[in-house]
$ cat input.txt   # compact mmCIF, C-alpha atoms
# COMPACT_ATOMS: atom_id res chain seq x y z
CA MET A 20 -3.16 52.04 39.52
CA PRO A 21 0.22 50.37 40.24
CA LYS A 22 0.23 46.59 40.48
CA ASP A 23 0.94 46.34 44.20
CA ASP A 24 -1.38 48.96 45.60
CA ARG A 25 -2.78 47.11 48.58
CA TYR A 26 -4.35 48.88 51.54
CA LEU A 27 -2.21 49.28 54.64
CA ASP A 28 -3.30 48.70 58.23
CA PRO A 29 -3.77 51.89 60.32
CA THR A 30 -3.61 49.95 63.60
CA ASP A 31 -0.63 48.48 65.39
CA SER A 32 -0.80 44.78 64.63
CA VAL A 33 1.74 44.16 67.40
CA ALA A 34 -0.69 45.38 70.03
CA VAL A 35 -2.74 42.32 70.89
CA PRO A 36 -6.07 42.97 72.61
CA ARG A 37 -5.69 42.19 76.29
CA LYS A 38 -7.61 39.29 77.76
CA THR A 39 -9.11 39.38 81.21
CA ALA A 40 -7.95 36.78 83.71
CA PRO A 41 -10.26 33.83 84.41
CA ARG A 42 -13.02 34.77 86.88
CA PRO A 43 -12.83 33.03 90.27
CA THR A 44 -15.81 30.84 91.15
CA THR A 45 -15.68 31.88 94.81
CA LEU A 46 -14.08 34.57 96.94
CA ASP A 47 -13.79 32.25 99.94
CA GLY A 48 -10.18 31.98 101.08
CA LYS A 49 -9.02 34.60 98.59
CA VAL A 50 -7.11 37.82 99.27
CA VAL A 51 -9.24 40.61 97.84
CA THR A 52 -7.83 44.09 97.18
CA LEU A 53 -10.26 47.01 97.03
CA LEU A 54 -8.58 49.70 94.94
CA ASP A 55 -9.72 53.29 95.47
CA ILE A 56 -8.85 55.39 92.41
CA SER A 57 -9.06 58.64 94.45
CA LYS A 58 -12.33 59.92 93.08
CA ALA A 59 -14.80 61.71 95.30
CA LYS A 60 -16.88 59.25 97.35
CA GLY A 61 -15.01 56.22 95.98
CA ASP A 62 -14.35 55.24 99.60
CA HIS A 63 -18.12 55.21 100.31
CA LEU A 64 -18.64 52.67 97.55
CA LEU A 65 -15.72 50.52 98.64
CA ASP A 66 -16.75 50.66 102.32
CA ARG A 67 -20.12 49.23 101.35
CA ILE A 68 -18.57 46.58 99.11
CA GLU A 69 -16.27 45.55 101.95
CA GLU A 70 -19.27 45.22 104.29
CA LEU A 71 -21.10 43.05 101.76
CA LEU A 72 -18.06 40.91 101.08
CA ARG A 73 -17.61 40.22 104.78
CA GLU A 74 -21.32 39.46 105.12
CA ARG A 75 -21.67 37.14 102.15
CA THR A 76 -18.23 35.59 101.60
CA ALA A 77 -15.27 34.35 103.63
CA PRO A 78 -12.18 35.91 102.09
CA LYS A 79 -8.81 35.27 103.68
CA ALA A 80 -8.22 39.04 103.78
CA ILE A 81 -9.56 42.25 102.36
CA LEU A 82 -6.87 44.84 101.60
CA ARG A 83 -7.51 48.51 100.88
CA ARG A 84 -5.18 50.29 98.43
CA LYS A 85 -5.38 53.72 96.77
CA LYS A 86 -4.09 55.30 93.57
CA PRO A 87 -2.44 58.71 94.10
CA THR A 88 -4.66 60.22 91.36
CA PHE A 89 -7.48 59.00 89.14
CA ALA A 90 -6.04 61.07 86.29
CA ARG A 91 -3.14 58.72 85.59
CA PRO A 92 -2.47 54.98 85.62
CA ALA A 93 -1.54 53.36 88.93
CA PRO A 94 2.23 53.58 89.56
CA ASP A 95 4.20 50.44 88.72
CA ASP A 96 5.15 49.70 92.34
CA LEU A 97 1.48 49.80 93.40
CA ARG A 98 0.52 47.46 90.55
CA GLN A 99 3.31 45.07 91.49
CA GLN A 100 2.30 45.18 95.14
CA ILE A 101 -1.34 44.37 94.29
CA LEU A 102 -0.26 41.60 91.93
CA GLN A 103 1.90 39.97 94.58
CA GLU A 104 -0.41 40.23 97.55
CA SER A 105 -3.87 39.53 96.16
CA HIS A 106 -5.93 37.06 94.13
CA VAL A 107 -8.74 39.44 93.20
CA VAL A 108 -8.96 43.21 92.66
CA ILE A 109 -12.11 45.27 92.81
CA GLU A 110 -11.55 48.78 91.50
CA GLY A 111 -13.92 51.45 92.76
CA LEU A 112 -14.94 54.18 90.39
CA ALA A 113 -17.11 56.93 91.82
CA ASP A 114 -18.70 60.42 91.38
CA MET B 21 -10.88 52.26 62.34
CA THR B 22 -12.58 55.52 61.37
CA ASP B 23 -14.56 58.31 63.00
CA GLY B 24 -17.71 57.24 61.16
CA LEU B 25 -16.99 59.37 58.11
CA PRO B 26 -15.64 57.86 54.89
CA VAL B 27 -11.85 57.83 54.59
CA VAL B 28 -9.33 57.99 51.79
CA PRO B 29 -8.17 54.40 51.12
CA PRO B 30 -4.60 54.10 52.48
CA THR B 31 -2.99 52.52 49.44
CA LEU B 32 0.71 51.69 49.38
CA THR B 33 1.31 54.43 46.80
CA ARG B 34 -0.36 57.14 48.87
CA VAL B 35 1.29 56.03 52.10
CA GLU B 36 4.72 55.93 50.47
CA ARG B 37 4.19 59.45 49.19
CA ALA B 38 3.35 60.63 52.71
CA ILE B 39 6.36 58.85 54.21
CA LYS B 40 8.64 60.45 51.63
CA ALA B 41 7.25 63.90 52.44
CA SER B 42 8.00 63.35 56.13
CA GLY B 43 11.72 63.00 55.39
CA ARG B 44 11.91 60.15 57.90
CA PRO B 45 12.41 56.39 57.49
CA PRO B 46 9.12 54.43 57.73
CA ASP B 47 10.25 52.41 60.76
CA ASP B 48 11.22 55.42 62.89
CA LEU B 49 9.29 55.23 66.14
CA ILE B 50 7.80 58.62 67.01
CA ALA B 51 5.92 57.60 70.15
CA LEU B 52 3.92 54.92 71.92
CA VAL B 53 0.30 56.05 71.95
CA PRO B 54 -1.49 55.70 75.32
CA PRO B 55 -3.49 54.05 76.69
CA ASN B 56 -2.86 50.91 74.57
CA TYR B 57 0.68 52.02 73.72
CA GLY B 58 0.48 51.16 70.03
CA ARG B 59 3.67 51.92 68.13
CA ALA B 60 3.33 55.18 66.20
CA THR B 61 5.98 54.65 63.54
CA VAL B 62 6.27 57.09 60.66
CA GLU B 63 4.53 54.50 58.46
CA LYS B 64 1.57 53.98 60.82
CA ILE B 65 1.19 57.73 61.19
CA ALA B 66 1.27 58.08 57.40
CA VAL B 67 -1.48 55.46 56.98
CA ASN B 68 -3.74 57.39 59.33
CA ALA B 69 -2.83 60.73 57.74
CA VAL B 70 -3.76 59.41 54.30
CA MET B 71 -7.05 58.07 55.64
CA ALA B 72 -7.81 61.47 57.17
CA GLY B 73 -7.24 63.21 53.84
CA CYS B 74 -3.92 64.90 54.64
CA ARG B 75 -1.73 66.15 51.82
CA PRO B 76 1.77 64.60 52.04
CA GLU B 77 3.28 67.96 53.04
CA TYR B 78 1.21 67.96 56.26
CA MET B 79 3.18 64.98 57.59
CA PRO B 80 5.77 66.96 59.64
CA VAL B 81 2.89 68.66 61.50
CA VAL B 82 1.17 65.34 62.18
CA LEU B 83 4.45 63.84 63.47
CA ALA B 84 4.96 66.76 65.86
CA GLY B 85 1.31 66.48 66.94
CA VAL B 86 1.85 62.81 67.82
CA GLU B 87 4.93 63.74 69.86
CA ALA B 88 2.94 66.43 71.69
CA MET B 89 -0.11 64.34 72.58
CA CYS B 90 2.03 61.35 73.61
CA ASP B 91 4.24 63.40 75.92
CA GLU B 92 3.89 62.29 79.56
CA ALA B 93 2.84 65.82 80.60
CA PHE B 94 -0.18 65.68 78.27
CA ASP B 95 -1.54 62.49 79.90
CA LEU B 96 -3.28 61.10 76.82
CA HIS B 97 -4.11 58.03 78.90
CA GLY B 98 -6.47 60.09 81.04
CA VAL B 99 -7.71 62.30 78.23
CA SER B 100 -8.63 59.29 76.07
CA ALA B 101 -10.31 57.32 78.84
CA THR B 102 -12.12 60.00 80.87
CA THR B 103 -15.87 60.41 81.20
CA ASN B 104 -15.18 64.16 80.78
CA PHE B 105 -15.70 66.09 77.50
CA SER B 106 -12.07 66.62 76.63
CA SER B 107 -10.34 66.08 73.30
CA PRO B 108 -6.87 67.12 72.13
CA LEU B 109 -6.92 70.52 70.41
CA PHE B 110 -3.90 71.18 68.21
CA ILE B 111 -2.60 74.74 67.83
CA ILE B 112 -0.18 75.49 65.02
CA ASN B 113 2.28 78.39 65.23
CA GLY B 114 5.02 79.77 63.02
CA PRO B 115 5.67 80.18 59.31
CA ILE B 116 4.32 76.74 58.37
CA ARG B 117 0.79 78.09 58.88
CA LYS B 118 1.08 80.11 55.68
CA ARG B 119 2.87 77.44 53.70
CA LEU B 120 0.16 74.87 54.44
CA ASP B 121 -2.75 77.36 54.42
CA VAL B 122 -3.72 76.71 58.04
CA ASN B 123 -6.71 78.79 59.02
CA CYS B 124 -6.11 81.20 61.89
CA GLY B 125 -8.82 83.72 61.04
CA VAL B 126 -12.50 83.77 60.17
CA GLY B 127 -14.41 80.75 61.51
CA VAL B 128 -11.21 79.38 63.01
CA PHE B 129 -12.89 76.49 64.82
CA GLY B 130 -15.14 75.73 61.86
CA PRO B 131 -14.85 73.96 58.51
CA GLY B 132 -13.41 75.04 55.15
CA TRP B 133 -9.66 74.52 55.37
CA ARG B 134 -8.15 71.21 54.39
CA ALA B 135 -5.07 71.53 56.62
CA ASN B 136 -7.07 72.22 59.80
CA ALA B 137 -9.69 69.59 58.95
CA THR B 138 -7.35 66.76 58.07
CA ILE B 139 -4.40 67.31 60.43
CA GLY B 140 -6.78 67.32 63.40
CA ARG B 141 -8.62 64.32 62.00
CA ALA B 142 -5.39 62.37 61.42
CA LEU B 143 -4.31 62.89 65.03
CA ARG B 144 -7.73 61.77 66.22
CA LEU B 145 -7.56 58.61 64.09
CA ILE B 146 -4.10 57.91 65.52
CA ALA B 147 -5.45 58.21 69.08
CA VAL B 148 -8.11 55.65 68.12
CA ASN B 149 -6.18 53.26 65.87
CA LEU B 150 -2.87 53.26 67.74
CA GLY B 151 -3.99 54.41 71.19
CA GLY B 152 -7.20 52.41 71.37
CA ALA B 153 -9.49 55.38 72.17
CA ARG B 154 -12.63 53.82 70.73
CA PRO B 155 -15.84 55.36 72.04
CA GLY B 156 -17.59 53.09 74.53
CA VAL B 157 -14.59 50.73 74.73
CA ILE B 158 -11.78 52.84 76.18
CA SER B 159 -13.00 56.35 75.44
CA MET B 160 -15.80 56.69 78.01
CA SER B 161 -16.65 60.38 77.56
CA THR B 162 -20.27 60.85 78.59
CA MET B 163 -20.93 63.64 76.09
CA GLY B 164 -17.87 63.90 73.85
CA HIS B 165 -17.92 66.97 71.61
CA PRO B 166 -17.70 67.77 67.89
CA GLY B 167 -13.95 68.48 68.21
CA ARG B 168 -13.49 64.74 68.46
CA TYR B 169 -13.82 64.59 64.66
CA THR B 170 -11.09 67.20 64.22
CA TYR B 171 -9.80 70.02 66.44
CA CYS B 172 -6.97 72.03 64.95
CA ILE B 173 -6.40 75.77 64.59
CA GLY B 174 -3.61 78.19 63.83
CA GLU B 175 -2.78 81.17 65.99
CA TYR B 176 -3.37 84.46 64.16
CA GLU B 177 0.12 85.77 64.92
CA GLU B 178 -0.23 88.68 62.49
CA GLU B 179 -3.16 90.00 64.56
CA ASN B 180 -1.54 89.20 67.90
CA PRO B 181 -0.27 92.33 69.69
CA TRP B 182 1.82 90.15 72.01
CA GLU B 183 4.31 87.35 71.49
CA PRO B 184 2.66 84.24 70.04
CA LEU B 185 2.17 81.03 72.02
CA HIS B 186 5.31 79.27 70.76
CA VAL B 187 7.58 82.23 71.51
CA GLU B 188 6.08 82.49 74.99
CA HIS B 189 7.10 78.83 75.42
CA GLY B 190 10.72 79.43 74.42
CA HIS B 191 10.67 78.84 70.67
CA ALA B 192 12.04 81.28 68.08
CA PRO B 193 9.49 83.26 66.02
CA SER B 194 10.89 81.52 62.93
CA ASP B 195 10.18 78.06 64.40
CA SER B 196 7.00 76.26 63.53
CA THR B 197 5.34 74.34 66.34
CA VAL B 198 2.26 72.39 67.25
CA ALA B 199 0.76 72.47 70.73
CA ALA B 200 -1.58 69.86 72.15
CA PHE B 201 -4.18 71.06 74.63
CA ALA B 202 -6.88 68.84 76.17
CA GLY B 203 -9.99 70.93 75.68
CA ASP B 204 -13.76 70.94 75.89
CA ALA B 205 -15.67 72.58 73.06
CA PRO B 206 -15.20 76.37 72.76
CA GLN B 207 -17.46 78.39 75.04
CA GLY B 208 -18.39 81.71 73.42
CA ILE B 209 -18.05 85.12 75.07
CA TYR B 210 -19.90 88.11 73.63
CA ASP B 211 -18.78 91.64 74.44
CA HIS B 212 -19.51 94.36 71.90
CA ARG B 213 -19.58 97.32 74.25
CA SER B 214 -16.43 97.27 76.38
CA ARG B 215 -13.82 99.72 75.18
CA THR B 216 -11.22 99.32 77.92
CA ALA B 217 -9.05 96.38 78.89
CA GLY B 218 -10.52 96.38 82.41
CA ASP B 219 -14.14 96.26 81.22
CA LEU B 220 -13.54 93.61 78.59
CA LEU B 221 -11.45 91.37 80.83
CA THR B 222 -14.08 91.62 83.56
CA THR B 223 -16.61 90.20 81.09
CA ILE B 224 -14.16 87.42 80.21
CA ALA B 225 -13.38 86.71 83.87
CA ARG B 226 -17.08 86.34 84.73
CA SER B 227 -17.46 83.88 81.86
CA LEU B 228 -14.36 81.99 83.02
CA GLY B 229 -15.95 81.91 86.44
CA VAL B 230 -18.49 79.29 85.31
CA VAL B 231 -16.02 76.98 83.60
CA TRP B 232 -16.74 73.37 84.72
CA HIS B 233 -19.21 74.77 87.25
CA HIS B 234 -19.39 78.03 89.12
CA LYS B 235 -17.73 76.65 92.26
CA ALA B 236 -14.93 74.67 90.58
CA THR B 237 -11.48 75.45 92.02
CA ALA B 238 -7.86 74.31 91.60
CA LEU B 239 -8.15 74.23 87.80
CA GLY B 240 -5.02 74.17 85.62
CA ASP B 241 -4.41 74.91 81.94
CA THR B 242 -7.38 76.68 80.37
CA LEU B 243 -7.38 78.43 77.02
CA VAL B 244 -8.58 82.00 76.44
CA VAL B 245 -8.85 82.64 72.71
CA LEU B 246 -9.10 86.38 72.06
CA SER B 247 -10.47 87.62 68.76
CA PRO B 248 -8.31 90.23 66.99
CA GLU B 249 -10.73 93.04 67.91
CA HIS B 250 -10.75 92.08 71.57
CA ALA B 251 -6.95 91.69 71.58
CA ARG B 252 -6.58 95.20 70.14
CA THR B 253 -8.81 96.73 72.82
CA ILE B 254 -6.76 95.11 75.59
CA ALA B 255 -3.33 95.80 74.08
CA GLY B 256 -4.43 99.37 73.27
CA ASP B 257 -4.56 100.04 77.01
CA GLY B 258 -0.97 98.85 77.34
CA TRP B 259 -1.73 95.51 78.98
CA SER B 260 0.72 92.62 78.60
CA LYS B 261 -0.20 88.93 78.56
CA LYS B 262 1.01 88.67 82.15
CA ASP B 263 -1.28 91.57 83.12
CA ILE B 264 -4.20 89.74 81.53
CA GLN B 265 -3.41 86.46 83.30
CA ARG B 266 -3.04 88.13 86.69
CA PHE B 267 -6.26 90.17 86.29
CA LEU B 268 -8.34 87.17 85.21
CA TRP B 269 -6.86 84.99 87.94
CA GLU B 270 -7.64 87.57 90.65
CA LEU B 271 -11.20 88.15 89.46
CA CYS B 272 -11.90 84.44 89.39
CA GLN B 273 -11.28 84.07 93.13
CA LYS B 274 -14.27 83.49 95.42
CA PRO B 275 -14.62 83.52 99.19
CA VAL B 276 -14.89 80.17 100.96
CA LYS B 277 -18.45 80.97 102.08
CA ASP B 278 -19.57 81.05 98.42
CA LEU B 279 -17.91 77.74 97.58
CA LEU B 280 -19.74 75.42 99.95
CA ALA B 281 -21.25 72.22 98.64
CA GLY B 282 -25.02 72.25 99.09
CA LYS B 283 -25.25 76.03 98.96
CA ASP B 284 -26.24 77.19 95.47
CA GLY B 285 -25.69 73.73 94.05
CA GLY B 286 -24.37 70.43 95.31
CA GLU B 287 -20.83 70.96 94.07
CA GLY B 288 -18.26 72.83 96.11
CA LEU B 289 -14.92 72.67 97.91
CA PRO B 290 -13.91 69.09 98.64
CA GLU B 291 -14.26 67.78 102.19
CA HIS B 292 -10.50 67.47 102.78
CA VAL B 293 -10.07 71.18 101.96
CA LEU B 294 -13.03 72.28 104.09
CA ALA B 295 -11.68 70.29 107.02
CA LYS B 296 -8.76 72.74 107.27
CA ILE B 297 -10.94 75.87 107.19
CA GLN B 298 -12.50 77.45 110.27
CA SER B 299 -16.15 78.56 110.17
CA PRO B 300 -16.54 78.02 106.43
CA GLU B 301 -20.09 79.44 106.40
CA THR B 302 -18.77 82.92 107.14
CA ASN B 303 -15.17 82.58 105.97
CA GLU B 304 -14.16 85.33 103.52
CA THR B 305 -10.77 83.83 102.55
CA LEU B 306 -10.42 84.03 98.77
CA ILE B 307 -9.89 80.75 96.94
CA PRO B 308 -8.58 80.95 93.36
CA LYS B 309 -10.45 79.15 90.58
CA PHE B 310 -7.16 78.54 88.76
CA ARG B 311 -4.06 77.20 90.49
CA ALA B 312 -1.82 79.97 89.08
CA PRO B 313 -2.19 82.87 86.59
CA GLU B 314 0.14 81.07 84.15
CA HIS B 315 -2.47 78.34 83.68
CA LEU B 316 -4.58 80.82 81.72
CA LYS B 317 -3.14 80.39 78.23
CA ILE B 318 -3.80 83.44 76.05
CA LEU B 319 -4.15 82.96 72.31
CA VAL B 320 -5.27 85.23 69.45
CA ALA B 321 -7.36 83.69 66.65
CA GLY B 322 -10.57 84.22 64.72
CA GLY B 323 -11.95 86.68 62.21
CA THR B 324 -10.92 90.33 62.19
CA ALA B 325 -14.56 91.45 62.43
CA GLY B 326 -16.51 90.66 65.57
CA ARG B 327 -16.12 91.30 69.25
CA PHE B 328 -16.28 87.67 70.33
CA SER B 329 -13.78 85.55 72.21
CA ALA B 330 -13.81 81.97 73.44
CA VAL B 331 -12.82 80.04 76.51
CA ILE B 332 -11.81 76.40 76.22
CA PRO B 333 -11.95 74.55 79.52
CA GLY B 334 -9.16 72.03 79.96
CA TRP B 335 -8.79 68.58 81.53
CA THR B 336 -6.95 70.10 84.39
CA PHE B 337 -6.95 68.08 87.56
CA PRO B 338 -3.73 68.36 89.56
CA ASN B 339 -1.53 65.75 87.80
CA GLY B 340 -3.90 65.96 84.82
CA SER B 341 -3.19 67.28 81.36
CA ASN B 342 -0.89 70.21 80.57
CA LEU B 343 -0.44 72.07 77.30
CA VAL B 344 2.55 70.53 75.48
CA ILE B 345 4.28 72.24 72.56
CA LYS B 346 6.67 70.58 70.07
CA LYS B 347 8.75 71.91 67.22
CA ILE B 348 7.80 70.86 63.70
CA HIS B 349 10.81 69.49 61.83
CA SER B 350 10.17 70.40 58.23
CA ARG B 351 12.71 70.06 55.46
CA ASP B 352 11.94 73.46 53.90

$ encode --input "input.txt" --output "structure tokens"
Amino acid sequence: MPKDDRYLDPTDSVAVPRKTAPRPTTLDGKVVTLLDISKAKGDHLLDRIEELLRERTAPKAILRRKKPTFARPAPDDLRQQILQESHVVIEGLAD
Amino acid sequence: MTDGLPVVPPTLTRVERAIKASGRPPDDLIALVPPNYGRATVEKIAVNAVMAGCRPEYMPVVLAGVEAMCDEAFDLHGVSATTNFSSPLFIINGPIRKRLDVNCGVGVFGPGWRANATIGRALRLIAVNLGGARPGVISMSTMGHPGRYTYCIGEYEEENPWEPLHVEHGHAPSDSTVAAFAGDAPQGIYDHRSRTAGDLLTTIARSLGVVWHHKATALGDTLVVLSPEHARTIAGDGWSKKDIQRFLWELCQKPVKDLLAGKDGGEGLPEHVLAKIQSPETNETLIPKFRAPEHLKILVAGGTAGRFSAVIPGWTFPNGSNLVIKKIHSRD
């Protein structure tokens, strides 16, 4: 075995695992976006979540946004829009 | 960092040997691997290829496979994250099949050939180690399938009465290529008795008719892998690939009234489609299962004895995954 025969890393050390943002302690006064990913019945789930949010919390606004397809990531402009206009995102999966 | 099976330790010596065989500098960036967009440099690809057990001379195929699965049209982001079954299947065409002893014949989806086993495995490890497709973390497939260990075949061009896949997609017969296709596990079709193209393709169409579920519509790329015996029966009647695609596509249509959700199963045409249709309960308008005949990709592979073929359902939502084919750049 050659002298310097160390093992090499199969992963990309540059790619740092993403961290989630700090969780808010309350939704009161926050702008909440409900993101529909375009799966069947996703709107049913989000409708119910919106009802519950309005019942139990006092958000400043609840916005509804939708991905063009669940099969691909949200387009950049939609992500930017959500980032700029809201404090909290709830993404609705479905099926 | 592995698929659960032991790996070959990626020592500097082995990795350098693989890089040298690729003919490319180690820092060359081949692709960013979705969904985590890790950098697939020649060196990182070589590390994974060594771990998978690839011989150094397989490197050009692995590089082309990375290019194919990371192409935007393939949508590896969706394929890696979905709850669906899908996994990239790699199909090798051209003269390199013989040089590397890629199996195209008997037991084509099974074990026994180092090139098939390790090239497919290397690409899977790359999707995990550079793309982040770890089961239960990003890869959320409910069932998965055994092709997620390795899924790589050659087309049996010598038994193919028609032009092979890569020529159909604009490559020269002398080119070697690798195609990436997001596929479920193979679904077997038995037909020992049909002796005409029409009879045999009717059997195949009825089997295609239950892909996903029997009322699924608007599907895209789907693979039909004909065994050499089946291919001979069809070609013997003078049918072209286009004839096959058109025939299968037409036979897989169903009238609206048979595609209603809640009738013969809870699945069916989506509400936004039904909203545009008058009297759906009695409507005889034919709805195709596949968006266009060209989405039925015809391939010839498998042993020369046996009247069996296979269908491989795709991950084919509109805007979903398409078959992507890339040329292999080999020095010899």

$ residues_around --input "input.txt" --residues "His106 in chain A" --least-positions-apart "3" --cutoff "12 Å" --atoms "all atoms listed in the file" --output "ChimeraX atom specification"
/A:40-43,45-53,78-82,100-103,109

$ closest_residue --input "input.txt" --among "B:Glu87, B:Glu63, B:Glu175, B:Glu270" --to "Pro29 in chain A" --atoms "all atoms listed in the file"
B:Glu63

$ interface_residues --input "input.txt" --of "chain B" --to "chain A" --cutoff "9 Å" --atoms "only C-alpha atoms" --output "PDB file with C-alpha atoms, in the frame of the given file"
ATOM      1  CA  MET B  21     -10.880  52.260  62.340  1.00  0.00           C
ATOM      2  CA  PRO B  29      -8.170  54.400  51.120  1.00  0.00           C
ATOM      3  CA  PRO B  30      -4.600  54.100  52.480  1.00  0.00           C
ATOM      4  CA  THR B  31      -2.990  52.520  49.440  1.00  0.00           C
ATOM      5  CA  LEU B  32       0.710  51.690  49.380  1.00  0.00           C
ATOM      6  CA  THR B  33       1.310  54.430  46.800  1.00  0.00           C
ATOM      7  CA  ARG B  34      -0.360  57.140  48.870  1.00  0.00           C
ATOM      8  CA  VAL B  35       1.290  56.030  52.100  1.00  0.00           C
ATOM      9  CA  ASN B  56      -2.860  50.910  74.570  1.00  0.00           C
ATOM     10  CA  TYR B  57       0.680  52.020  73.720  1.00  0.00           C
ATOM     11  CA  GLY B  58       0.480  51.160  70.030  1.00  0.00           C
ATOM     12  CA  ARG B  59       3.670  51.920  68.130  1.00  0.00           C
ATOM     13  CA  ALA B  60       3.330  55.180  66.200  1.00  0.00           C
ATOM     14  CA  GLU B  63       4.530  54.500  58.460  1.00  0.00           C
ATOM     15  CA  LYS B  64       1.570  53.980  60.820  1.00  0.00           C
ATOM     16  CA  ILE B  65       1.190  57.730  61.190  1.00  0.00           C
ATOM     17  CA  ALA B  66       1.270  58.080  57.400  1.00  0.00           C
ATOM     18  CA  VAL B  67      -1.480  55.460  56.980  1.00  0.00           C
ATOM     19  CA  ASN B  68      -3.740  57.390  59.330  1.00  0.00           C
ATOM     20  CA  MET B  71      -7.050  58.070  55.640  1.00  0.00           C
ATOM     21  CA  ASP B  95      -1.540  62.490  79.900  1.00  0.00           C
ATOM     22  CA  HIS B  97      -4.110  58.030  78.900  1.00  0.00           C
ATOM     23  CA  GLY B  98      -6.470  60.090  81.040  1.00  0.00           C
ATOM     24  CA  VAL B  99      -7.710  62.300  78.230  1.00  0.00           C
ATOM     25  CA  THR B 102     -12.120  60.000  80.870  1.00  0.00           C
ATOM     26  CA  LEU B 145      -7.560  58.610  64.090  1.00  0.00           C
ATOM     27  CA  ILE B 146      -4.100  57.910  65.520  1.00  0.00           C
ATOM     28  CA  VAL B 148      -8.110  55.650  68.120  1.00  0.00           C
ATOM     29  CA  ASN B 149      -6.180  53.260  65.870  1.00  0.00           C
ATOM     30  CA  LEU B 150      -2.870  53.260  67.740  1.00  0.00           C
ATOM     31  CA  GLY B 151      -3.990  54.410  71.190  1.00  0.00           C
ATOM     32  CA  GLY B 152      -7.200  52.410  71.370  1.00  0.00           C
ATOM     33  CA  PRO B 290     -13.910  69.090  98.640  1.00  0.00           C
ATOM     34  CA  PHE B 337      -6.950  68.080  87.560  1.00  0.00           C
ATOM     35  CA  PRO B 338      -3.730  68.360  89.560  1.00  0.00           C
ATOM     36  CA  ASN B 339      -1.530  65.750  87.800  1.00  0.00           C
ATOM     37  CA  GLY B 340      -3.900  65.960  84.820  1.00  0.00           C
ATOM     38  CA  SER B 341      -3.190  67.280  81.360  1.00  0.00           C
TER      39      SER B 341
END

$ atom_distance --input "input.txt" --atom1 "CA of Lys274 in chain B" --atom2 "CA of Trp335 in chain B"
21.1 Å

$ atom_distance --input "input.txt" --atom1 "CA of Asn136 in chain B" --atom2 "CA of Ser196 in chain B"
15.1 Å

$ build_atoms --input "input.txt" --residues "range 92-103 of chain A" --atoms "N, CA and C atoms" --output "mmCIF file, keeping the file's coordinate frame"
data_model
loop_
_atom_site.group_PDB
_atom_site.id
_atom_site.type_symbol
_atom_site.label_atom_id
_atom_site.label_comp_id
_atom_site.auth_asym_id
_atom_site.auth_seq_id
_atom_site.Cartn_x
_atom_site.Cartn_y
_atom_site.Cartn_z
ATOM 1 N N PRO A 92 -2.502 56.392 85.245
ATOM 2 C CA PRO A 92 -2.470 54.980 85.620
ATOM 3 C C PRO A 92 -1.834 54.784 86.993
ATOM 4 N N ALA A 93 -2.166 53.678 87.635
ATOM 5 C CA ALA A 93 -1.540 53.360 88.930
ATOM 6 C C ALA A 93 -0.034 53.211 88.735
ATOM 7 N N PRO A 94 0.769 53.722 89.673
ATOM 8 C CA PRO A 94 2.230 53.580 89.560
ATOM 9 C C PRO A 94 2.625 52.099 89.521
ATOM 10 N N ASP A 95 3.745 51.819 88.884
ATOM 11 C CA ASP A 95 4.200 50.440 88.720
ATOM 12 C C ASP A 95 4.330 49.706 90.059
ATOM 13 N N ASP A 96 4.914 50.396 91.060
ATOM 14 C CA ASP A 96 5.150 49.700 92.340
ATOM 15 C C ASP A 96 3.826 49.306 92.996
ATOM 16 N N LEU A 97 2.801 50.147 92.839
ATOM 17 C CA LEU A 97 1.480 49.800 93.400
ATOM 18 C C LEU A 97 0.903 48.592 92.661
ATOM 19 N N ARG A 98 1.042 48.593 91.335
ATOM 20 C CA ARG A 98 0.520 47.460 90.550
ATOM 21 C C ARG A 98 1.219 46.158 90.941
ATOM 22 N N GLN A 99 2.543 46.254 91.094
ATOM 23 C CA GLN A 99 3.310 45.070 91.490
ATOM 24 C C GLN A 99 2.884 44.572 92.864
ATOM 25 N N GLN A 100 2.704 45.528 93.775
ATOM 26 C CA GLN A 100 2.300 45.180 95.140
ATOM 27 C C GLN A 100 0.948 44.436 95.113
ATOM 28 N N ILE A 101 -0.006 44.982 94.362
ATOM 29 C CA ILE A 101 -1.340 44.370 94.290
ATOM 30 C C ILE A 101 -1.247 42.975 93.678
ATOM 31 N N LEU A 102 -0.432 42.876 92.623
ATOM 32 C CA LEU A 102 -0.260 41.600 91.930
ATOM 33 C C LEU A 102 0.273 40.532 92.885
ATOM 34 N N GLN A 103 1.253 40.948 93.708
ATOM 35 C CA GLN A 103 1.900 39.970 94.580
ATOM 36 C C GLN A 103 1.055 39.578 95.785
#
